[in-house]
>>> print(open('query-v1.cif').read())   # mmCIF, C-alpha atoms
data_data
loop_
_atom_site.label_atom_id
_atom_site.label_comp_id
_atom_site.auth_asym_id
_atom_site.auth_seq_id
_atom_site.Cartn_x
_atom_site.Cartn_y
_atom_site.Cartn_z
CA MET P 1 -16.32 6.36 -31.13
CA LYS P 2 -14.48 3.18 -30.22
CA GLU P 3 -15.59 1.72 -26.91
CA LYS P 4 -12.91 1.57 -24.22
CA LYS P 5 -12.18 -1.61 -22.35
CA LEU P 6 -13.79 -1.68 -18.92
CA GLU P 7 -10.43 -2.19 -17.16
CA GLN P 8 -9.23 1.06 -18.72
CA VAL P 9 -12.39 2.94 -17.70
CA LEU P 10 -12.15 1.52 -14.16
CA GLU P 11 -8.56 2.67 -13.83
CA GLU P 12 -9.38 6.15 -15.17
CA ALA P 13 -12.20 6.36 -12.63
CA LEU P 14 -10.00 5.14 -9.77
CA SER P 15 -7.17 7.52 -10.65
CA ALA P 16 -9.64 10.39 -10.82
CA TYR P 17 -10.79 9.47 -7.32
CA ILE P 18 -7.50 8.51 -5.63
CA GLU P 19 -5.03 10.85 -7.28
CA GLY P 20 -7.42 13.46 -8.67
CA GLY P 21 -9.64 13.97 -5.62
CA ARG P 22 -12.81 13.90 -7.77
CA THR P 23 -16.24 12.94 -6.44
CA VAL P 24 -17.84 9.64 -7.43
CA GLU P 25 -20.84 11.50 -8.89
CA ASP P 26 -18.57 13.55 -11.15
CA ILE P 27 -16.61 10.49 -12.21
CA LEU P 28 -19.73 8.51 -13.07
CA ARG P 29 -21.16 11.48 -14.96
CA GLU P 30 -17.95 11.70 -16.97
CA HIS P 31 -18.20 8.01 -17.86
CA ALA P 32 -21.97 8.02 -18.37
CA ALA P 33 -21.80 5.44 -21.18
CA TYR P 34 -20.35 2.92 -18.71
CA HIS P 35 -22.42 3.92 -15.67
CA GLY P 36 -24.25 0.60 -15.17
CA ARG P 37 -21.12 -1.55 -15.37
CA LEU P 38 -18.76 0.90 -13.74
CA GLU P 39 -20.77 1.94 -10.67
CA PRO P 40 -20.76 -1.43 -8.82
CA LEU P 41 -17.06 -2.01 -9.51
CA LEU P 42 -16.13 1.52 -8.51
CA SER P 43 -18.17 1.18 -5.33
CA THR P 44 -16.32 -2.04 -4.36
CA ALA P 45 -12.93 -0.62 -5.37
CA ILE P 46 -13.34 2.62 -3.44
CA GLY P 47 -14.83 0.80 -0.45
CA THR P 48 -11.76 -1.49 -0.37
CA TYR P 49 -9.39 1.44 -0.80
CA GLU P 50 -11.02 3.43 2.00
CA GLU P 51 -11.09 0.44 4.31
CA PHE P 52 -7.33 0.03 4.01
CA GLN P 53 -6.54 3.74 4.13
CA ALA P 54 -8.38 4.01 7.46
CA ARG P 55 -5.84 1.61 9.04
CA HIS P 56 -2.80 3.04 10.77
CA PRO P 57 0.05 1.42 12.64
CA SER P 58 0.04 2.17 16.35
CA THR P 59 2.04 5.22 17.37
CA ALA P 60 4.09 3.05 19.73
CA ALA P 61 5.12 0.66 16.94
CA GLN P 62 5.96 3.52 14.63
CA GLN P 63 8.10 5.29 17.24
CA ARG P 64 9.83 2.07 18.31
CA GLY P 65 10.64 1.25 14.68
CA LEU P 66 11.92 4.75 13.96
CA ALA P 67 14.25 4.69 16.98
CA ARG P 68 15.65 1.30 15.90
CA PHE P 69 15.97 2.46 12.28
CA LEU P 70 17.94 5.59 13.22
CA ALA P 71 20.12 3.75 15.75
CA ASP P 72 21.03 1.20 13.09
CA ALA P 73 21.76 3.98 10.57
CA ARG P 74 24.09 5.65 13.09
CA ALA P 75 25.88 2.37 13.79
CA ARG P 76 26.37 1.80 10.08
CA ALA P 77 27.69 5.35 9.61
CA SER P 78 30.19 4.82 12.47
CA LEU P 79 31.39 1.56 10.94
CA ARG P 80 31.84 3.23 7.56
CA SER P 81 33.78 6.04 9.19
CA LEU P 82 36.04 3.60 11.06
CA ALA P 83 36.61 1.60 7.87
CA ARG P 84 37.61 4.76 6.00
CA LYS P 85 40.08 5.72 8.74
CA ALA P 86 41.51 2.21 8.83
CA GLY P 87 41.71 2.02 5.05
CA MET Q 1 0.97 18.13 -4.63
CA SER Q 2 1.14 16.70 -8.17
CA PRO Q 3 2.60 13.21 -8.80
CA ASN Q 4 5.64 14.91 -10.41
CA ASP Q 5 6.21 17.09 -7.33
CA ASP Q 6 5.84 14.01 -5.18
CA ALA Q 7 8.39 12.06 -7.23
CA GLN Q 8 10.83 14.98 -7.15
CA ASN Q 9 10.38 15.29 -3.39
CA ASP Q 10 10.95 11.53 -3.03
CA ARG Q 11 14.16 11.80 -4.99
CA GLN Q 12 15.57 14.57 -2.79
CA ILE Q 13 14.71 12.69 0.40
CA VAL Q 14 16.03 9.34 -0.83
CA ASP Q 15 19.30 10.86 -2.10
CA ALA Q 16 19.84 12.65 1.22
CA ALA Q 17 18.98 9.47 3.15
CA ARG Q 18 21.50 7.49 1.10
CA ALA Q 19 24.12 10.06 2.08
CA GLY Q 20 23.27 9.37 5.74
CA ASP Q 21 21.27 12.53 6.48
CA GLU Q 22 19.34 11.65 9.64
CA GLN Q 23 16.48 14.06 9.01
CA ALA Q 24 15.97 12.58 5.54
CA LEU Q 25 16.07 9.06 6.98
CA SER Q 26 13.36 10.03 9.48
CA GLU Q 27 11.27 11.65 6.76
CA LEU Q 28 11.61 8.60 4.54
CA TYR Q 29 10.56 6.32 7.37
CA LEU Q 30 7.57 8.43 8.40
CA ARG Q 31 6.46 8.84 4.79
CA TYR Q 32 6.54 5.14 3.97
CA PHE Q 33 6.08 3.23 7.23
CA PRO Q 34 2.23 3.50 7.25
CA ARG Q 35 2.08 2.44 3.59
CA VAL Q 36 4.38 -0.53 4.14
CA TYR Q 37 2.30 -1.43 7.20
CA ARG Q 38 -0.94 -1.34 5.19
CA TYR Q 39 0.63 -3.36 2.39
CA ILE Q 40 1.71 -6.09 4.82
CA LEU Q 41 -1.65 -5.96 6.57
CA ALA Q 42 -3.35 -6.64 3.23
CA ARG Q 43 -0.99 -9.55 2.57
CA THR Q 44 -0.94 -11.15 6.02
CA GLY Q 45 -4.25 -10.04 7.53
CA ASN Q 46 -2.65 -9.52 10.93
CA GLN Q 47 -2.04 -6.09 12.42
CA TYR Q 48 0.66 -7.14 14.87
CA ASP Q 49 2.60 -9.12 12.25
CA ALA Q 50 2.26 -6.11 9.95
CA GLU Q 51 3.81 -3.76 12.53
CA ASP Q 52 6.71 -6.11 13.29
CA LEU Q 53 7.37 -6.95 9.67
CA ALA Q 54 7.18 -3.30 8.56
CA GLU Q 55 9.92 -2.58 11.11
CA GLU Q 56 12.03 -5.38 9.62
CA VAL Q 57 11.47 -4.03 6.10
CA PHE Q 58 13.06 -0.73 7.09
CA MET Q 59 16.09 -2.52 8.55
CA ARG Q 60 16.46 -4.25 5.17
CA VAL Q 61 16.13 -0.84 3.48
CA LEU Q 62 19.16 0.40 5.45
CA GLU Q 63 21.16 -2.61 4.34
CA ALA Q 64 20.26 -2.17 0.69
CA ILE Q 65 19.74 1.56 0.08
CA GLY Q 66 23.37 2.02 -1.00
CA ARG Q 67 22.68 -0.28 -3.95
CA PHE Q 68 19.42 1.42 -4.98
CA GLN Q 69 19.54 2.77 -8.56
CA TRP Q 70 17.04 5.37 -9.80
CA ARG Q 71 17.26 4.16 -13.38
CA GLU Q 72 15.87 0.74 -12.53
CA ALA Q 73 12.62 1.64 -10.75
CA PRO Q 74 10.99 4.35 -8.66
CA PHE Q 75 11.90 4.16 -4.98
CA SER Q 76 8.37 3.03 -4.04
CA ALA Q 77 8.57 0.03 -6.40
CA TRP Q 78 11.99 -0.91 -4.99
CA LEU Q 79 10.74 -0.57 -1.41
CA PHE Q 80 7.65 -2.71 -1.96
CA ARG Q 81 9.74 -5.43 -3.58
CA ILE Q 82 11.71 -5.54 -0.35
CA ALA Q 83 8.43 -5.71 1.59
CA HIS Q 84 7.19 -8.52 -0.67
CA ASN Q 85 10.40 -10.50 -0.13
CA ALA Q 86 10.17 -9.93 3.63
CA ILE Q 87 6.66 -11.41 3.64
CA ILE Q 88 7.84 -14.46 1.67
CA SER Q 89 10.74 -14.99 4.12
CA GLN Q 90 8.39 -14.65 7.08
CA ARG Q 91 5.95 -17.16 5.58
CA ARG Q 92 8.77 -19.67 5.11
CA LYS Q 93 9.81 -19.22 8.74
CA ASP Q 94 6.18 -19.56 9.91
CA THR Q 95 5.69 -22.69 7.82
CA ALA Q 96 8.88 -24.20 9.23
CA ARG Q 97 7.60 -23.47 12.75
CA GLY Q 98 4.16 -24.83 11.92
CA LYS Q 99 2.51 -21.44 12.56
CA PRO Q 100 -0.77 -21.15 10.59
CA GLY Q 101 -1.65 -18.12 8.50
CA GLN Q 102 -3.81 -15.67 10.42
CA LEU Q 103 -6.55 -13.25 9.60
CA SER Q 104 -6.88 -9.91 11.29
CA ASP Q 105 -7.43 -9.63 15.00
CA GLY Q 106 -9.13 -6.42 13.90
CA HIS Q 107 -7.69 -3.27 15.20
CA PRO Q 108 -8.88 0.25 15.61
CA SER Q 109 -7.80 3.18 13.56
CA ASP Q 110 -7.04 6.10 15.85
CA SER Q 111 -10.00 8.14 14.63
CA ASP Q 112 -12.84 5.64 15.01
CA GLY Q 113 -15.35 5.69 17.87
CA PRO Q 114 -16.65 2.50 19.60
CA GLU Q 115 -19.63 1.90 17.29
CA GLU Q 116 -17.63 2.55 14.15
CA LEU Q 117 -14.95 0.17 15.46
CA VAL Q 118 -17.31 -2.78 15.65
CA GLU Q 119 -18.66 -2.14 12.17
CA SER Q 120 -15.30 -1.21 10.74
CA ARG Q 121 -13.59 -4.28 12.18
CA SER Q 122 -16.05 -6.61 10.51
CA VAL Q 123 -15.82 -4.79 7.18
CA LEU Q 124 -12.02 -4.95 7.27
CA ASP Q 125 -12.11 -8.63 8.20
CA GLU Q 126 -14.47 -9.27 5.32
CA VAL Q 127 -12.20 -7.44 2.89
CA LEU Q 128 -9.11 -9.25 4.20
CA GLU Q 129 -10.80 -12.63 4.07
CA ALA Q 130 -11.97 -12.06 0.51
CA ALA Q 131 -8.56 -10.75 -0.54
CA GLN Q 132 -6.85 -13.88 0.82
CA LYS Q 133 -8.95 -15.97 -1.59
CA LEU Q 134 -7.77 -14.09 -4.67
CA PRO Q 135 -5.06 -15.53 -6.93
CA GLU Q 136 -1.57 -14.29 -6.01
CA ALA Q 137 -1.26 -11.62 -8.72
CA GLN Q 138 -4.69 -10.16 -7.91
CA ARG Q 139 -3.91 -10.11 -4.20
CA GLN Q 140 -0.62 -8.37 -4.94
CA VAL Q 141 -2.34 -5.68 -7.05
CA ILE Q 142 -4.96 -5.07 -4.35
CA ALA Q 143 -2.25 -4.78 -1.70
CA LEU Q 144 -0.05 -2.43 -3.73
CA ARG Q 145 -2.70 -0.26 -5.37
CA PHE Q 146 -5.41 -0.06 -2.68
CA SER Q 147 -3.52 -0.66 0.51
CA ALA Q 148 -0.06 0.83 -0.15
CA GLY Q 149 -1.59 3.49 -2.41
CA LEU Q 150 0.78 3.01 -5.36
CA SER Q 151 -0.20 4.23 -8.83
CA VAL Q 152 -0.72 1.71 -11.62
CA ALA Q 153 2.73 2.59 -13.03
CA GLU Q 154 4.41 2.06 -9.63
CA THR Q 155 2.46 -1.16 -9.07
CA ALA Q 156 3.57 -2.40 -12.49
CA LYS Q 157 7.24 -1.64 -11.69
CA ALA Q 158 6.99 -3.31 -8.29
CA MET Q 159 5.53 -6.44 -9.87
CA GLY Q 160 7.74 -6.44 -12.97
CA LYS Q 161 4.66 -6.25 -15.22
CA GLY Q 162 3.30 -3.80 -17.80
CA ASP Q 163 0.75 -1.10 -16.93
CA GLY Q 164 -1.89 -2.71 -19.18
CA ASN Q 165 -1.45 -6.07 -17.49
CA VAL Q 166 -1.89 -4.48 -14.05
CA LYS Q 167 -5.14 -2.80 -15.17
CA VAL Q 168 -6.49 -6.15 -16.36
CA ILE Q 169 -5.49 -7.86 -13.08
CA GLN Q 170 -6.96 -4.99 -11.06
CA HIS Q 171 -10.27 -5.26 -12.94
CA LYS Q 172 -10.44 -9.04 -12.40
CA ALA Q 173 -9.64 -8.63 -8.71
CA ILE Q 174 -12.39 -6.06 -8.19
CA VAL Q 175 -14.94 -8.18 -10.07
CA ARG Q 176 -13.99 -11.16 -7.87
CA LEU Q 177 -14.13 -9.11 -4.66
CA ARG Q 178 -17.55 -7.81 -5.68
CA GLU Q 179 -18.75 -11.37 -6.26
CA MET Q 180 -17.44 -12.49 -2.87
CA MET Q 181 -18.49 -9.48 -0.78
CA GLY Q 182 -21.57 -8.27 -2.63
CA GLN Q 183 -22.59 -4.66 -2.37
CA PRO Q 184 -20.59 -2.73 0.27
CA LYS Q 185 -22.43 -2.72 3.61
CA LYS Q 186 -21.79 0.92 4.12
CA ARG Q 187 -21.73 3.55 1.45
CA PRO Q 188 -18.11 4.50 0.75
CA ARG Q 189 -17.27 7.89 2.24
CA ALA Q 190 -16.41 8.90 -1.31
CA TYR Q 191 -20.08 9.48 -1.98
CA GLU Q 192 -20.15 12.11 0.71
CA ARG Q 193 -16.91 13.75 -0.46
CA GLU Q 194 -17.58 17.42 -1.00
CA LYS Q 195 -16.98 18.95 -4.34
CA ALA Q 196 -13.93 21.18 -4.48
#
>>> encode(input="query-v1.cif", output="structure tokens")
Amino acid sequence: MKEKKLEQVLEEALSAYIEGGRTVEDILREHAAYHGRLEPLLSTAIGTYEEFQARHPSTAAQQRGLARFLADARARASLRSLARKAG
Amino acid sequence: MSPNDDAQNDRQIVDAARAGDEQALSELYLRYFPRVYRYILARTGNQYDAEDLAEEVFMRVLEAIGRFQWREAPFSAWLFRIAHNAIISQRRKDTARGKPGQLSDGHPSDSDGPEELVESRSVLDEVLEAAQKLPEAQRQVIALRFSAGLSVAETAKAMGKGDGNVKVIQHKAIVRLREMMGQPKKRPRAYEREKA
């Protein structure tokens, strides 16, 4: 069987973890032929992914932004409505 | 939810938001704000800048959403291009003002306890510092794929590259991060993930 490129195997492994919800053990077992090269990269990749996913904006910033976003949307809708009436 | 369900759901929300539906606008904001925040955090390394800039990105979304076309790119790719451009604009402003680039002040996630915070802050700082040293394309892939949580296909659309190219860049970035950071200090929680 033709050997896959490591970037392809890494992406398959990452997708199986991130989008597929698989365990690392299962993923490594599935890619046993690449275990030695894949395991350290997968460990760094998943560690990086988890580190970022554990970060959340503060509730205050999120609420403040949402209020501003909706207020601006309303203002834009009013302007559009006025323009239609004028036009 | 499968990726197809997710895409279909995105489409309904985005179409309703474009028509001015306030509930859809709220849903769109709440769905994407944390991802845009994390993306900017990965690019700038500063939590407070990331919050402010994420807010600005959504104001730009309101300005531009009427021109968004489904046939050109998925909504996520379009949104993260706006976020990318907002970061570039902010950097130009900062440079003009003589403000240096910053790394994270470190900031807690809501769920961490005091001991985890100390450890977690240093791990995040280490990741951010290493990511800042990557070439631009690698940094962009890390920010989009790992921080914003985009798929390879979405990342490719957002960057205007092919899927294969993104996989190569992703691989190089991870190899480089591994070289810079060594073995992760704490075992990723993935190893403790229970089997379904």
>>> residues_around(input="query-v1.cif", residues="stretch 32-37 of chain P", least_positions_apart="5", cutoff="9 Å", atoms="all atoms listed in the file", output="ChimeraX atom specification")
/P:6,9,27
>>> closest_residue(input="query-v1.cif", among="Q:Thr155, Q:Gln183, Q:Asn9, Q:Arg18", to="Q:Val123", atoms="all atoms listed in the file")
Q:Gln183
>>> closest_residue(input="query-v1.cif", among="Q:Ala137, Q:Ala73, Q:Ala64, Q:Ala83", to="Q:Tyr37", atoms="all atoms listed in the file")
Q:Ala83
>>> closest_residue(input="query-v1.cif", among="P:Lys2, P:Arg84, P:Arg64, P:His31", to="chain Q", atoms="all atoms listed in the file")
P:Arg64
>>> resolve_selection(input="query-v1.cif", expression="the PyMOL selection byres ((chain P) within 7 of (chain Q))", output="PDB file with C-alpha atoms, keeping the file's coordinate frame")
ATOM      1  CA  GLU P   7     -10.430  -2.190 -17.160  1.00  0.00           C
ATOM      2  CA  GLN P   8      -9.230   1.060 -18.720  1.00  0.00           C
ATOM      3  CA  GLU P  11      -8.560   2.670 -13.830  1.00  0.00           C
ATOM      4  CA  THR P  23     -16.240  12.940  -6.440  1.00  0.00           C
ATOM      5  CA  VAL P  24     -17.840   9.640  -7.430  1.00  0.00           C
ATOM      6  CA  LEU P  41     -17.060  -2.010  -9.510  1.00  0.00           C
ATOM      7  CA  SER P  43     -18.170   1.180  -5.330  1.00  0.00           C
ATOM      8  CA  THR P  44     -16.320  -2.040  -4.360  1.00  0.00           C
ATOM      9  CA  ALA P  45     -12.930  -0.620  -5.370  1.00  0.00           C
ATOM     10  CA  ILE P  46     -13.340   2.620  -3.440  1.00  0.00           C
ATOM     11  CA  GLY P  47     -14.830   0.800  -0.450  1.00  0.00           C
ATOM     12  CA  THR P  48     -11.760  -1.490  -0.370  1.00  0.00           C
ATOM     13  CA  TYR P  49      -9.390   1.440  -0.800  1.00  0.00           C
ATOM     14  CA  GLU P  51     -11.090   0.440   4.310  1.00  0.00           C
ATOM     15  CA  PHE P  52      -7.330   0.030   4.010  1.00  0.00           C
ATOM     16  CA  GLN P  53      -6.540   3.740   4.130  1.00  0.00           C
ATOM     17  CA  ALA P  54      -8.380   4.010   7.460  1.00  0.00           C
ATOM     18  CA  ARG P  55      -5.840   1.610   9.040  1.00  0.00           C
ATOM     19  CA  HIS P  56      -2.800   3.040  10.770  1.00  0.00           C
ATOM     20  CA  PRO P  57       0.050   1.420  12.640  1.00  0.00           C
ATOM     21  CA  ALA P  61       5.120   0.660  16.940  1.00  0.00           C
ATOM     22  CA  GLY P  65      10.640   1.250  14.680  1.00  0.00           C
ATOM     23  CA  LEU P  66      11.920   4.750  13.960  1.00  0.00           C
ATOM     24  CA  PHE P  69      15.970   2.460  12.280  1.00  0.00           C
ATOM     25  CA  ALA P  73      21.760   3.980  10.570  1.00  0.00           C
TER      26      ALA P  73
END
>>> atom_distance(input="query-v1.cif", atom1="atom CA of Q:Asn85", atom2="atom CA of P:Ser78")
28.0 Å
>>> closest_residue(input="query-v1.cif", among="Q:Gln8, Q:Ala153, Q:Asp15, Q:Met159", to="Q:Gln69", atoms="all atoms listed in the file")
Q:Asp15
>>> atom_distance(input="query-v1.cif", atom1="atom CA of Q:Ile87", atom2="atom CA of Q:Val57")
9.1 Å
